[in-house]
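Visitor: Sending over a structure as structure tokens; questions will come in a sec.
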Amino acid sequence: MNLNALVLSLPTHNSTMRMRVWRALKESGCGVLRDGVYVLPQDAVGVLPRVEAQIKAAGGFAMTVDLAVKPAQAPAVRKLFDRSADYGELTQKLSAVSKTVAGMGYRKAQTAVRRLERAFDKLAQIDFFPGESKLQAAQAISALKRELREAYSRGEPRVARKRLRLVDKREYQKRLWATRRHPWVDRLASAWLIKRFIDPAAKFAWIERPEARPRKAVGFDFDGADFTHIGNRVTFEVLLASFDLEHDAALTAIGAVVHFIDVGGIPVGDAKGLETMLRGIKQKARSDDALLAEAMRVFDHLYSAYLSATRN
């Protein structure tokens, strides 16, 4: 293990500089070796040269040096970066929100959950030696997000026990497709997939509850629907498999993003960006049809980008 250390002495008269340096070092996750000596693992040293330059420009002393850590010293060094207390504090906040999330209203609950998720992400970025405390906090985040969905997304489909089966696309042309109102990522992505790759003439009905499905409509993403969650697959992935579209690498990549946003699991780099875009569209759309129309453009661009990447 090797470290980079910043040895510094700040001008006593410049309180603004002292606060700026302290904040930068704290946010970067520096360990304090002793007063005036701050350390970071070598693969996380971006902030130290910048702070060194700022201190020198303000008339202080600063020097960045390399430190070689002996194996016997490694446990003590890791303690300098121990985030257990921070994760513990965050977990307590998660627990407090969990007790009230169902009664605070969707907007307020969503804001609270997002704020805590950002706090977790920020802490994880400076957790250079993650351990059990990070895992527990991550599990608490996932549990809270699940509680939010369950409290305010009534009607989310349970996992169906039926088996996946290939279907004949010719039997699903010029059909009316029904799903729940106020669609979110899985329903939006599924509707896009249906319109672009399964039934170009598809019409959509947004229903309040499964019993309201129009006669002869093809249902998707609700309990008892023709196409819904099966096993560990979300509806979009079930449609891919059912209509033999899994050979398309770009569609499979979109499926991974949709899966992570909808039910969690293996993180996908593009998930946060897509989720942010869809949330913005959802807030502005005046109807479910308008929401889908805007989301179609987003998924068109995402598909084009993934398709281009598979060809290069």
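By order in the structure tokens, chains are A, B, ...; within a chain, residues start at 1; ligands start at 1, following the order shown.
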Residues of region 74-176 of chain A that approach region 34-50 of chain A to 12 Å or less, counting only C-alpha atoms: could you list each one with the shortest pair of atoms and its distance in Å to one decimal, rows by chain and increasing residue number, as a Markdown table?
Guide:
| residue | atom | partner | partner_atom | distance |
| --- | --- | --- | --- | --- |
| A:Ala74 | CA | A:Pro41 | CA | 11.5 |
| A:Val77 | CA | A:Val39 | CA | 9.4 |
| A:Arg78 | CA | A:Pro41 | CA | 9.9 |
| A:Leu80 | CA | A:Val39 | CA | 8.8 |
| A:Phe81 | CA | A:Leu40 | CA | 8.7 |
| A:Gln125 | CA | A:Ala44 | CA | 9.9 |
| A:Ile126 | CA | A:Ala44 | CA | 8.7 |
| A:Asp127 | CA | A:Ala44 | CA | 10.6 |
| A:Phe128 | CA | A:Pro41 | CA | 7.7 |
| A:Phe129 | CA | A:Pro41 | CA | 9.9 |
Visitor: Using the chain letters and numbers from this document, which residues of region 16-254 of chain A does DSSP assign to strand (DSSP E or B), as a short mmCIF file (atom, residue, chain, number, x, y, z; two decimals) with C-alpha atoms, in the first residue's frame?
Guide:
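And here's states_39.cif as it stands now:
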data_model
loop_
_atom_site.label_atom_id
_atom_site.label_comp_id
_atom_site.auth_asym_id
_atom_site.auth_seq_id
_atom_site.Cartn_x
_atom_site.Cartn_y
_atom_site.Cartn_z
CA GLY A 31 -7.00 10.73 6.51
CA VAL A 32 -5.23 12.84 9.15
CA LEU A 33 -1.83 11.37 9.95
CA ARG A 34 -1.08 14.17 12.37
CA VAL A 37 -0.29 16.05 7.46
CA TYR A 38 -3.13 14.68 5.32
CA VAL A 39 -2.98 11.41 3.37
CA LEU A 40 -4.83 9.67 0.57
CA PRO A 41 -4.31 6.38 -1.27
CA PHE A 61 3.69 26.15 2.99
CA ALA A 62 2.63 22.93 1.29
CA MET A 63 4.44 19.88 -0.05
CA THR A 64 3.11 16.64 -1.53
CA VAL A 65 5.22 13.56 -0.83
CA ASP A 66 4.94 9.81 -1.41
CA LEU A 67 4.74 7.43 1.54
CA ALA A 68 5.43 3.71 1.40
CA ALA A 160 -45.39 -14.34 -12.39
CA LEU A 176 -54.57 -2.53 -28.44
CA TRP A 177 -52.00 -2.88 -25.64
CA ALA A 178 -53.09 -2.14 -22.07
CA THR A 179 -51.00 -1.26 -19.05
CA ARG A 180 -51.35 0.72 -15.84
CA LYS A 203 -52.43 1.61 -29.68
CA PHE A 204 -52.16 1.95 -25.91
CA ALA A 205 -54.78 2.00 -23.16
CA TRP A 206 -53.79 3.31 -19.73
CA ILE A 207 -55.91 1.54 -17.15
CA VAL A 218 -52.91 -7.32 -24.82
CA GLY A 219 -51.89 -6.60 -21.25
CA PHE A 220 -48.38 -5.85 -20.06
CA PHE A 227 -46.47 -10.07 -20.52
CA ILE A 230 -41.13 -13.50 -14.79
CA ARG A 233 -36.80 -10.43 -15.60
#
Visitor: Set the distance at 12 Å and use only C-alpha atoms: which residues neighbour Asp86 (chain A) once local chain neighbours fewer than 2 positions away are removed? I'd like the list as a count of residues only.
Guide: 21
Visitor: Please return as a PyMOL selection string: the residues of region 102-153 of chain A that backbone DSSP assigns to helix (DSSP H, G or I).
Guide: chain A and resi 102-103+106-125+132-152
Visitor: What is the distance, in Å and to one decimal place, between CA of Ile261 (chain A) and CA of Ser142 (chain A)?
Guide: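 About the pair CA of Ile261 (chain A) and CA of Ser142 (chain A): they are 11.5 Å apart.
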